[in-house]
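> mmCIF, C-alpha atoms and all ligand atoms, file structure21.cif:
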```cif
data_target
#
loop_
_atom_site.group_PDB
_atom_site.id
_atom_site.type_symbol
_atom_site.label_atom_id
_atom_site.label_comp_id
_atom_site.auth_asym_id
_atom_site.auth_seq_id
_atom_site.Cartn_x
_atom_site.Cartn_y
_atom_site.Cartn_z
ATOM 1 C CA MET A 1 55.388 182.987 126.607
ATOM 2 C CA SER A 2 53.471 180.364 128.616
ATOM 3 C CA ALA A 3 53.307 176.691 127.691
ATOM 4 C CA GLN A 4 50.268 175.625 125.709
ATOM 5 C CA THR A 5 47.582 174.408 128.090
ATOM 6 C CA ALA A 6 44.471 173.906 125.932
ATOM 7 C CA PRO A 7 43.798 170.251 125.125
ATOM 8 C CA ARG A 8 44.920 169.422 121.635
ATOM 9 C CA LYS A 9 44.492 166.610 119.202
ATOM 10 C CA LYS A 10 46.908 163.781 118.632
ATOM 11 C CA VAL A 11 49.268 164.745 115.813
ATOM 12 C CA THR A 12 49.165 162.321 112.905
ATOM 13 C CA LEU A 13 50.877 162.024 109.536
ATOM 14 C CA HIS A 14 47.786 163.656 108.098
ATOM 15 C CA HIS A 15 48.427 166.813 110.190
ATOM 16 C CA LEU A 16 52.052 166.965 109.044
ATOM 17 C CA GLN A 17 51.078 166.647 105.404
ATOM 18 C CA ALA A 18 48.326 169.263 105.868
ATOM 19 C CA LYS A 19 50.942 171.671 107.238
ATOM 20 C CA LYS A 20 53.032 171.166 104.118
ATOM 21 C CA GLN A 21 50.007 172.129 102.045
ATOM 22 C CA THR A 22 49.043 175.207 104.097
ATOM 23 C CA GLY A 23 52.634 176.346 104.587
ATOM 24 C CA GLU A 24 52.413 176.248 108.389
ATOM 25 C CA PRO A 25 55.827 175.195 109.739
ATOM 26 C CA ILE A 26 56.168 171.807 111.445
ATOM 27 C CA THR A 27 57.789 171.965 114.899
ATOM 28 C CA MET A 28 60.004 169.089 115.953
ATOM 29 C CA LEU A 29 62.368 168.531 118.865
ATOM 30 C CA THR A 30 64.409 165.622 120.096
ATOM 31 C CA ALA A 31 63.408 164.053 123.423
ATOM 32 C CA TYR A 32 65.117 161.251 125.262
ATOM 33 C CA ASP A 33 63.225 160.800 128.525
ATOM 34 C CA TYR A 34 59.838 161.046 130.218
ATOM 35 C CA SER A 35 60.175 164.580 131.581
ATOM 36 C CA ALA A 36 61.400 166.039 128.277
ATOM 37 C CA ALA A 37 58.522 164.305 126.496
ATOM 38 C CA LEU A 38 56.000 165.782 128.955
ATOM 39 C CA LEU A 39 57.435 169.277 128.454
ATOM 40 C CA GLY A 40 57.666 168.986 124.667
ATOM 41 C CA ASP A 41 54.124 167.687 124.491
ATOM 42 C CA ARG A 42 52.777 170.433 126.771
ATOM 43 C CA ALA A 43 54.569 173.051 124.655
ATOM 44 C CA GLY A 44 52.473 171.885 121.723
ATOM 45 C CA LEU A 45 55.312 170.591 119.561
ATOM 46 C CA ASP A 46 54.151 168.549 116.560
ATOM 47 C CA VAL A 47 56.840 165.875 116.609
ATOM 48 C CA LEU A 48 59.216 164.399 119.171
ATOM 49 C CA LEU A 49 62.189 162.500 117.780
ATOM 50 C CA VAL A 50 64.082 160.066 119.970
ATOM 51 C CA GLY A 51 67.269 160.872 118.100
ATOM 52 C CA ASP A 52 70.431 158.802 118.274
ATOM 53 C CA SER A 53 72.073 162.107 119.267
ATOM 54 C CA LEU A 54 71.210 160.829 122.739
ATOM 55 C CA ALA A 55 74.429 158.806 122.447
ATOM 56 C CA MET A 56 76.338 162.073 122.754
ATOM 57 C CA VAL A 57 74.159 164.365 124.860
ATOM 58 C CA MET A 58 72.749 161.774 127.294
ATOM 59 C CA LEU A 59 75.362 159.012 127.359
ATOM 60 C CA GLY A 60 78.536 161.046 126.801
ATOM 61 C CA LEU A 61 79.720 159.017 123.795
ATOM 62 C CA ASP A 62 81.949 160.662 121.179
ATOM 63 C CA SER A 63 79.591 159.991 118.285
ATOM 64 C CA THR A 64 76.281 158.320 117.505
ATOM 65 C CA VAL A 65 77.704 155.158 115.955
ATOM 66 C CA SER A 66 77.989 152.915 119.012
ATOM 67 C CA ILE A 67 74.491 153.303 120.428
ATOM 68 C CA THR A 68 72.504 150.064 120.346
ATOM 69 C CA MET A 69 68.917 149.081 119.585
ATOM 70 C CA GLU A 70 68.367 148.212 123.256
ATOM 71 C CA GLU A 71 69.577 151.628 124.416
ATOM 72 C CA MET A 72 67.418 153.412 121.851
ATOM 73 C CA LEU A 73 64.340 151.382 122.818
ATOM 74 C CA HIS A 74 64.894 152.108 126.510
ATOM 75 C CA HIS A 75 64.697 155.859 125.800
ATOM 76 C CA CYS A 76 61.807 155.469 123.334
ATOM 77 C CA ARG A 77 59.670 153.770 125.992
ATOM 78 C CA ALA A 78 60.300 156.640 128.420
ATOM 79 C CA VAL A 79 59.348 159.242 125.788
ATOM 80 C CA ALA A 80 56.238 157.297 124.795
ATOM 81 C CA ARG A 81 55.087 157.338 128.434
ATOM 82 C CA GLY A 82 55.418 161.140 128.576
ATOM 83 C CA ALA A 83 54.022 162.264 125.212
ATOM 84 C CA LYS A 84 50.342 161.903 124.525
ATOM 85 C CA ASN A 85 49.813 164.190 121.524
ATOM 86 C CA ALA A 86 53.076 164.666 119.658
ATOM 87 C CA PHE A 87 53.860 162.352 116.755
ATOM 88 C CA LEU A 88 56.678 160.043 117.920
ATOM 89 C CA ILE A 89 59.639 158.979 115.799
ATOM 90 C CA GLY A 90 62.459 156.639 116.772
ATOM 91 C CA ASP A 91 65.893 156.990 115.193
ATOM 92 C CA MET A 92 67.288 153.710 113.871
ATOM 93 C CA PRO A 93 70.837 153.288 115.192
ATOM 94 C CA PHE A 94 73.887 152.678 113.014
ATOM 95 C CA MET A 95 74.015 149.088 111.665
ATOM 96 C CA SER A 96 70.435 148.310 112.693
ATOM 97 C CA TYR A 97 69.217 148.829 109.115
ATOM 98 C CA GLN A 98 72.223 148.851 106.752
ATOM 99 C CA VAL A 99 73.172 145.165 106.606
ATOM 100 C CA GLU A 100 69.993 143.385 105.512
ATOM 101 C CA VAL A 101 66.583 144.617 104.524
ATOM 102 C CA ALA A 102 64.826 141.943 106.602
ATOM 103 C CA GLU A 103 66.803 142.944 109.684
ATOM 104 C CA ALA A 104 65.920 146.595 109.067
ATOM 105 C CA VAL A 105 62.204 145.729 108.919
ATOM 106 C CA ARG A 106 62.477 143.681 112.118
ATOM 107 C CA ASN A 107 64.257 146.505 113.931
ATOM 108 C CA ALA A 108 61.814 149.130 112.649
ATOM 109 C CA GLY A 109 59.058 146.906 114.014
ATOM 110 C CA ARG A 110 60.726 146.856 117.425
ATOM 111 C CA PHE A 111 60.559 150.662 117.570
ATOM 112 C CA VAL A 112 56.785 150.396 117.157
ATOM 113 C CA LYS A 113 56.075 147.260 119.223
ATOM 114 C CA GLU A 114 58.576 147.696 122.045
ATOM 115 C CA GLY A 115 59.407 151.412 121.918
ATOM 116 C CA GLY A 116 55.916 152.880 121.468
ATOM 117 C CA MET A 117 57.014 154.881 118.404
ATOM 118 C CA GLU A 118 54.785 155.695 115.451
ATOM 119 C CA ALA A 119 57.497 155.991 112.804
ATOM 120 C CA VAL A 120 61.231 155.520 112.337
ATOM 121 C CA LYS A 121 63.980 157.707 110.915
ATOM 122 C CA LEU A 122 66.984 156.430 109.038
ATOM 123 C CA GLU A 123 69.914 158.138 107.355
ATOM 124 C CA GLY A 124 70.889 157.943 103.695
ATOM 125 C CA GLY A 125 69.829 158.697 100.140
ATOM 126 C CA ARG A 126 69.152 156.470 97.145
ATOM 127 C CA ALA A 127 71.116 153.545 98.602
ATOM 128 C CA MET A 128 68.398 153.226 101.249
ATOM 129 C CA VAL A 129 65.502 152.951 98.790
ATOM 130 C CA PRO A 130 65.024 149.129 99.021
ATOM 131 C CA THR A 131 65.160 149.297 102.825
ATOM 132 C CA ILE A 132 62.682 152.172 103.063
ATOM 133 C CA ARG A 133 60.366 150.434 100.596
ATOM 134 C CA ALA A 134 60.341 147.277 102.703
ATOM 135 C CA ILE A 135 59.711 149.159 105.974
ATOM 136 C CA THR A 136 56.895 151.279 104.562
ATOM 137 C CA GLN A 137 55.343 148.198 102.941
ATOM 138 C CA VAL A 138 54.797 146.645 106.374
ATOM 139 C CA GLY A 139 53.029 149.843 107.440
ATOM 140 C CA ILE A 140 55.750 151.668 109.350
ATOM 141 C CA PRO A 141 56.171 155.295 108.247
ATOM 142 C CA VAL A 142 59.748 156.362 107.497
ATOM 143 C CA LEU A 143 61.362 159.792 107.924
ATOM 144 C CA GLY A 144 64.385 160.151 105.619
ATOM 145 C CA HIS A 145 67.551 162.038 106.574
ATOM 146 C CA ILE A 146 70.061 163.442 104.064
ATOM 147 C CA GLY A 147 72.833 166.038 104.021
ATOM 148 C CA LEU A 148 75.082 165.769 107.042
ATOM 149 C CA THR A 149 74.326 162.251 108.246
ATOM 150 C CA PRO A 150 76.062 161.880 111.634
ATOM 151 C CA GLN A 151 76.287 158.076 111.473
ATOM 152 C CA THR A 152 78.628 158.341 108.481
ATOM 153 C CA THR A 153 80.720 161.402 109.348
ATOM 154 C CA SER A 154 83.935 159.391 108.885
ATOM 155 C CA ALA A 155 83.014 158.855 105.251
ATOM 156 C CA LEU A 156 81.922 162.494 104.903
ATOM 157 C CA GLY A 157 85.217 163.739 106.351
ATOM 158 C CA GLY A 158 83.699 165.133 109.555
ATOM 159 C CA TYR A 159 80.741 167.255 110.634
ATOM 160 C CA LYS A 160 80.696 169.357 107.463
ATOM 161 C CA VAL A 161 78.082 171.281 105.533
ATOM 162 C CA GLN A 162 76.879 169.175 102.588
ATOM 163 C CA GLY A 163 75.718 170.161 99.106
ATOM 164 C CA LYS A 164 77.954 173.196 98.659
ATOM 165 C CA THR A 165 78.846 172.493 95.029
ATOM 166 C CA ALA A 166 76.419 172.210 92.118
ATOM 167 C CA VAL A 167 77.197 168.503 91.767
ATOM 168 C CA ALA A 168 76.777 167.813 95.488
ATOM 169 C CA ALA A 169 73.549 169.825 95.586
ATOM 170 C CA HIS A 170 72.273 167.865 92.576
ATOM 171 C CA THR A 171 73.040 164.589 94.369
ATOM 172 C CA LEU A 172 71.038 165.730 97.407
ATOM 173 C CA TYR A 173 68.195 166.836 95.141
ATOM 174 C CA GLN A 174 68.076 163.426 93.459
ATOM 175 C CA ASP A 175 68.268 161.666 96.822
ATOM 176 C CA ALA A 176 65.351 163.736 98.124
ATOM 177 C CA LEU A 177 63.224 162.899 95.062
ATOM 178 C CA ALA A 178 64.063 159.196 95.424
ATOM 179 C CA LEU A 179 63.129 159.169 99.123
ATOM 180 C CA GLN A 180 59.824 160.854 98.343
ATOM 181 C CA GLU A 181 59.173 158.428 95.482
ATOM 182 C CA VAL A 182 59.780 155.356 97.662
ATOM 183 C CA GLY A 183 57.336 156.561 100.321
ATOM 184 C CA CYS A 184 59.084 158.603 103.037
ATOM 185 C CA PHE A 185 56.495 160.820 104.744
ATOM 186 C CA ALA A 186 59.084 163.597 105.275
ATOM 187 C CA ILE A 187 62.834 164.178 105.018
ATOM 188 C CA VAL A 188 65.297 165.743 107.463
ATOM 189 C CA LEU A 189 67.763 168.056 105.683
ATOM 190 C CA GLU A 190 70.823 168.551 107.871
ATOM 191 C CA ALA A 191 73.580 171.150 107.358
ATOM 192 C CA ILE A 192 72.739 172.083 103.793
ATOM 193 C CA PRO A 193 73.043 175.604 102.289
ATOM 194 C CA ALA A 194 69.712 177.400 102.613
ATOM 195 C CA PRO A 195 69.191 177.953 98.861
ATOM 196 C CA VAL A 196 69.640 174.231 98.158
ATOM 197 C CA SER A 197 67.167 173.257 100.917
ATOM 198 C CA ALA A 198 64.720 175.837 99.600
ATOM 199 C CA VAL A 199 64.811 174.324 96.106
ATOM 200 C CA ILE A 200 64.458 170.784 97.482
ATOM 201 C CA SER A 201 61.579 171.834 99.762
ATOM 202 C CA ARG A 202 59.736 173.516 96.901
ATOM 203 C CA SER A 203 60.272 170.499 94.639
ATOM 204 C CA LEU A 204 58.797 167.948 97.049
ATOM 205 C CA THR A 205 55.176 167.259 97.921
ATOM 206 C CA ILE A 206 56.228 165.807 101.312
ATOM 207 C CA PRO A 207 57.548 168.075 104.102
ATOM 208 C CA THR A 208 61.234 168.768 104.699
ATOM 209 C CA ILE A 209 62.434 169.270 108.267
ATOM 210 C CA GLY A 210 65.565 171.386 108.473
ATOM 211 C CA ILE A 211 68.407 171.440 110.957
ATOM 212 C CA GLY A 212 71.030 173.866 109.752
ATOM 213 C CA ALA A 213 69.211 174.019 106.436
ATOM 214 C CA GLY A 214 67.649 177.477 106.465
ATOM 215 C CA ALA A 215 64.223 178.958 107.001
ATOM 216 C CA GLU A 216 62.527 177.677 103.870
ATOM 217 C CA CYS A 217 62.236 174.091 105.006
ATOM 218 C CA ASP A 218 58.695 172.995 105.871
ATOM 219 C CA GLY A 219 59.657 172.476 109.495
ATOM 220 C CA GLN A 220 62.556 172.724 111.904
ATOM 221 C CA VAL A 221 64.153 170.336 114.383
ATOM 222 C CA LEU A 222 66.669 170.995 117.142
ATOM 223 C CA VAL A 223 68.368 168.825 119.711
ATOM 224 C CA TYR A 224 66.732 169.337 123.145
ATOM 225 C CA HIS A 225 70.051 169.898 124.927
ATOM 226 C CA ASP A 226 71.199 172.463 122.327
ATOM 227 C CA LEU A 227 67.947 174.414 122.505
ATOM 228 C CA LEU A 228 68.090 174.560 126.308
ATOM 229 C CA GLY A 229 71.814 175.247 126.683
ATOM 230 C CA LEU A 230 72.411 171.910 128.396
ATOM 231 C CA PHE A 231 75.312 170.679 126.268
ATOM 232 C CA ASP A 232 78.336 172.935 125.898
ATOM 233 C CA LYS A 233 80.931 170.542 124.422
ATOM 234 C CA PHE A 234 80.296 172.201 121.058
ATOM 235 C CA THR A 235 77.480 174.275 119.595
ATOM 236 C CA PRO A 236 76.952 174.145 115.836
ATOM 237 C CA LYS A 237 76.320 177.440 114.001
ATOM 238 C CA PHE A 238 72.702 176.459 113.346
ATOM 239 C CA VAL A 239 71.741 176.165 117.014
ATOM 240 C CA LYS A 240 69.756 178.897 118.714
ATOM 241 C CA PRO A 241 69.923 178.380 122.479
ATOM 242 C CA TYR A 242 66.556 179.505 123.878
ATOM 243 C CA ALA A 243 67.763 179.169 127.465
ATOM 244 C CA GLN A 244 70.913 178.569 129.501
ATOM 245 C CA ILE A 245 69.508 175.817 131.692
ATOM 246 C CA GLY A 246 72.950 174.243 132.139
ATOM 247 C CA GLN A 247 74.209 177.413 133.848
ATOM 248 C CA GLN A 248 71.095 177.574 136.009
ATOM 249 C CA ILE A 249 71.506 173.939 137.038
ATOM 250 C CA GLY A 250 75.186 174.547 137.800
ATOM 251 C CA ALA A 251 74.362 177.572 140.002
ATOM 252 C CA ALA A 252 71.591 175.654 141.792
ATOM 253 C CA LEU A 253 73.901 172.736 142.552
ATOM 254 C CA VAL A 254 76.599 175.039 143.963
ATOM 255 C CA GLN A 255 73.954 176.777 146.119
ATOM 256 C CA TYR A 256 72.693 173.409 147.362
ATOM 257 C CA ARG A 257 76.231 172.325 148.282
ATOM 258 C CA GLU A 258 76.787 175.582 150.184
ATOM 259 C CA ASP A 259 73.434 175.404 151.978
ATOM 260 C CA VAL A 260 74.090 171.842 153.158
ATOM 261 C CA THR A 261 77.654 172.691 154.197
ATOM 262 C CA GLN A 262 76.447 175.702 156.211
ATOM 263 C CA ARG A 263 73.379 173.894 157.610
ATOM 264 C CA VAL A 264 71.052 176.377 155.904
ATOM 265 C CA PHE A 265 69.253 173.468 154.260
ATOM 266 C CA PRO A 266 67.036 171.787 155.330
ATOM 267 C CA GLY A 267 65.136 174.556 157.123
ATOM 268 C CA PRO A 268 62.125 174.071 159.445
ATOM 269 C CA GLU A 269 59.809 174.269 156.412
ATOM 270 C CA HIS A 270 61.464 171.138 154.934
ATOM 271 C CA THR A 271 61.396 169.183 158.192
ATOM 272 C CA TYR A 272 58.834 166.813 159.770
ATOM 273 C CA ALA A 273 57.929 167.499 163.416
ATOM 274 C CA MET A 274 56.977 164.956 166.098
ATOM 275 C CA PRO A 275 54.594 165.434 169.046
ATOM 276 C CA GLU A 276 56.730 166.436 172.072
ATOM 277 C CA GLU A 277 55.340 163.687 174.338
ATOM 278 C CA GLU A 278 56.193 161.038 171.693
ATOM 279 C CA LEU A 279 59.720 162.381 171.430
ATOM 280 C CA ALA A 280 60.080 162.351 175.212
ATOM 281 C CA ALA A 281 58.787 158.765 175.338
ATOM 282 C CA PHE A 282 61.156 157.734 172.571
ATOM 283 C CA LEU A 283 64.139 159.234 174.440
ATOM 284 C CA ARG A 284 63.077 157.446 177.616
ATOM 285 C CA LEU A 285 62.882 154.177 175.654
ATOM 286 C CA ILE A 286 66.499 154.516 174.601
ATOM 287 C CA GLY A 287 67.636 155.890 177.948
ATOM 288 C CA GLN A 288 68.419 159.403 176.756
ATOM 289 C CA ASN A 289 65.860 161.446 178.760
HETATM 290 O O1 LIG B 301 69.756 162.217 116.239
HETATM 291 C C1 LIG B 301 69.211 163.315 116.094
HETATM 292 O O2 LIG B 301 68.966 164.039 117.055
HETATM 293 C C2 LIG B 301 68.881 163.733 114.734
HETATM 294 C C3 LIG B 301 68.231 165.065 114.550
HETATM 295 C C4 LIG B 301 69.054 166.175 114.961
HETATM 296 C C5 LIG B 301 67.680 165.238 113.185
HETATM 297 O O3 LIG B 301 69.103 163.008 113.826
#
```
Represent the structure of the file as structure tokens.
Ligand code: KIV

Amino acid sequence: MSAQTAPRKKVTLHHLQAKKQTGEPITMLTAYDYSAALLGDRAGLDVLLVGDSLAMVMLGLDSTVSITMEEMLHHCRAVARGAKNAFLIGDMPFMSYQVEVAEAVRNAGRFVKEGGMEAVKLEGGRAMVPTIRAITQVGIPVLGHIGLTPQTTSALGGYKVQGKTAVAAHTLYQDALALQEVGCFAIVLEAIPAPVSAVISRSLTIPTIGIGAGAECDGQVLVYHDLLGLFDKFTPKFVKPYAQIGQQIGAALVQYREDVTQRVFPGPEHTYAMPEEELAAFLRLIGQN
């Protein structure tokens, strides 16, 4: 299938909400740099999320917890330069919003003012209500995130599916209602049994965006590197790799090394010529004629 080429309109919150109403799925992908943003935008994706997953897939860190505001903003600016139509969301890093509400508002503002983002995402359920209220009250849209929340995997006991018991599912349900009530424009549901996500999605008037949460969410999100087969440290069950770009890159790099070693590259077609008389004059100048 070819990339979308027809000019399209800037995606806004209004479009996302309209999709919830019509039942058309919302398409979302993470992006961390200019070229990924260009490609995601050209593919016609609705939303690009500068996720803190970049800590792991771009920076090689073991988890998302140590990434900083400055690092996130650096990547946000690159994505904002590449994407013209997709709705842009910046992921608030661990400890940039949990300590004080005022600090959370200030940091959310930095995503908009310095990072070129249109909204922020933050993890957590009812405990985050005062923070989300304060951020939305200054006019910054907030995407909630419940279920498996990677910033708090130590407390969750690892990267585990959430909401598998009736009580746990009920907690997620109540969290989702609270996030909607306080003004989130949508909620990411991560690693939640499909029937639980389906009930939550049907119960909300705002869209749910699933990752490992089944087909009945109002939209889906994947990590860019997972979708493209660029990160093979581990692949969660919910990932569908649409390409094996990592293998292709690996093969290309080996070929390049061999071509250089065997003087196959560069060939005449990659080489600049010089008029013969100029070359002769040059050699005379340095005494090599
Ligand atoms: O950081 C991230 O990439 C995310 C998405 C996978 C939802 O939080």
> Taking only C-alpha atoms and all ligand atoms into account, report as a PyMOL selection string which residues have an atom no farther than 9 Å from an atom of ligand LIG 301 (chain B).
chain A and resi 29-31+49-55+64+91+121-123+145+149-150+188-190+209-211+221-224
> For the atom pair CA of Ile26 in chain A and CA of Val11 in chain A, what is the interatomic distance in Å to one decimal place?
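That distance, rounded to one decimal, is 10.8 Å.
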> Would you kindly translate the PyMOL selection byres (((chain A and resi 25) around 10) and not hetatm) into the concrete residues it picks from this file, as number ranges by chain?
A: 16, 19-20, 22-24, 26-28, 46, 207-209, 215-220
> For the structure provided, state which residues fall under the PyMOL selection byres (((chain A and resi 198) around 9) and not hetatm), and present them as a list in words.
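In the shown coordinates, the PyMOL selection byres (((chain A and resi 198) around 9) and not hetatm) covers Pro193, Ala194, Pro195, Val196, Ser197, Val199, Ile200, Ser201, Arg202, Ser203, Ala213, Gly214, Ala215, Glu216 and Cys217 of chain A.
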> Quick one: which residues end up in the PyMOL selection byres (((chain A and resi 179) around 12) and not hetatm) for this structure, as a ChimeraX atom specification?
/A:121-133,136,142-146,172-178,180-189,200,204-208
> Between A:Ala134, A:Val161, A:Leu228, A:Ala78, which residue has the minimum interatomic distance to Leu38 in chain A, considering all atoms listed in the file?
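For Leu38 in chain A, the nearest of the candidates is A:Ala78.
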> Let me make sure I understand: among A:Thr12, A:Thr68, A:Thr171, A:Gln247, which one has the smallest atom-to-atom distance to Val47 in chain A if we use only C-alpha atoms?
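Comparing A:Thr12, A:Thr68, A:Thr171, A:Gln247 against Val47 in chain A, the winner is A:Thr12.
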